[in-house]
Amino acid sequence: MLQQTQVDRVVPKYKQFLKKYPTLKALAAARVRDVIRIWYPLGYNIRPRRLHAIARESVAQYGGTLPNDEATLRSFKGIGAYTAGAVLSFAFGRRAAILDTNVARVMYRVFVGAGDPRSHALRRHLWKLSEGLLPRRHVFDFNQGLMDFGATVCTARRPQCRPCPLAHICRTGPIDGRLAGQRKK
DNA sequence: CTCCTGTGTG
DNA sequence: CACACTGGAG
């Protein structure tokens with residue numbers, strides 16, 4: 001649900017969804033049409049279809065739970081690099097890196113600061129940075145903290161550089177306040 | 001217009 | 001590599 005969709009918009013739907021489909025088995029037993037209907041208005045309607053397929057595949061092949069290795073997770077349609085890392089680190093506590101839009105922005109601003117942050121060439125490098133920072137322990141908290149840092153401090157629109165603990169090493173430099181997003185005249 | 005805890009496709 | 005996919009908010 002969170003793929004390219006804001007948290008505030010997902011939370012209510014997430015609760016509603018889990019109440020109706022508490023387990024992968026319950027989801028697998030549902031009709032895909034109903035899953036798509038309850039999904040509205042989150043958008044990207046290929047996602048409920050794929051989630052439903054993932055639930056069925058998990059029940060049929062993996063005993064009703066998600067596999068806990070990257071290769072098998074990635075074999076599902078709808079689970080890419082980010083979601084695989086998120087499932088591994090958040091659900092299974094494995095030492096796996098993540099790179100969502102938040103982390104990508106943080107890595108780019110703090111360690112790169114130049115070039116197009118959306119280019120694939122750079123994204124490869126941003127993944128390396130995220131992997132390199134990954135601690136041995138407390139991976140769940142680290143990854144979650146990294147994302148929350150991007151979601152609350154190093155935000156896309158008005159980053160809070162003033163209280164930012166990384167401001168002194170940031171390659172991008174202070175861009176907070178009303179200056180953020182403004183064109184350079 | 002850009003952005004949002006992306007992914008599969010051509 | 002670019003792009004479509006969905007819809008809402010700033």
# chains A, B, ... in the order shown; residues from 1 in each chain; ligands from 1
call {"tool": "interface_residues", "arguments": {"of": "chain A", "to": "chain C", "cutoff": "7 Å", "atoms": "only C-alpha atoms (C1' of nucleotides)", "output": "ChimeraX atom specification"}}
result
/A:41-45
call {"tool": "residues_around", "arguments": {"residues": "region 123-126 of chain A", "least_positions_apart": "3", "cutoff": "7 Å", "atoms": "only C-alpha atoms (C1' of nucleotides)", "output": "list in words"}}
result
Ala104, Met107, Tyr108, Arg118, Ser119, His120, Leu129 and Ser130 of chain A
call {"tool": "closest_atom_pairs", "arguments": {"of": "chain B", "to": "chain A", "cutoff": "6 Å", "atoms": "only C-alpha atoms (C1' of nucleotides)", "output": "tab-separated table"}}
result
residue	atom	partner	partner_atom	distance
B:DC4	C1'	A:Gln6	CA	4.7
B:DT5	C1'	A:Asp100	CA	5.7
B:DG6	C1'	A:Gln3	CA	5.0
call {"tool": "select_by_dssp", "arguments": {"residues": "region 97-183 of chain A", "states": "helix (DSSP H, G or I)", "output": "ChimeraX atom specification"}}
result
/A:101-112,120-133,139-152,167-169,177-179
call {"tool": "atom_distance", "arguments": {"atom1": "CA of Pro163 (chain A)", "atom2": "CA of Phe142 (chain A)"}}
result
19.4 Å
call {"tool": "closest_residue", "arguments": {"among": "A:Ile175, A:Leu122, A:Leu73, A:Val87", "to": "Pro159 (chain A)", "atoms": "only C-alpha atoms"}}
result
A:Ile175
call {"tool": "atom_distance", "arguments": {"atom1": "CA of Leu133 (chain A)", "atom2": "C1' of DC3 (chain B)"}}
result
25.8 Å
call {"tool": "atom_distance", "arguments": {"atom1": "CA of Gly93 (chain A)", "atom2": "CA of Arg49 (chain A)"}}
result
27.0 Å
call {"tool": "closest_residue", "arguments": {"among": "A:Gly113, A:Pro48, A:Gly64, A:Pro22", "to": "Asp34 (chain A)", "atoms": "only C-alpha atoms"}}
result
A:Pro48
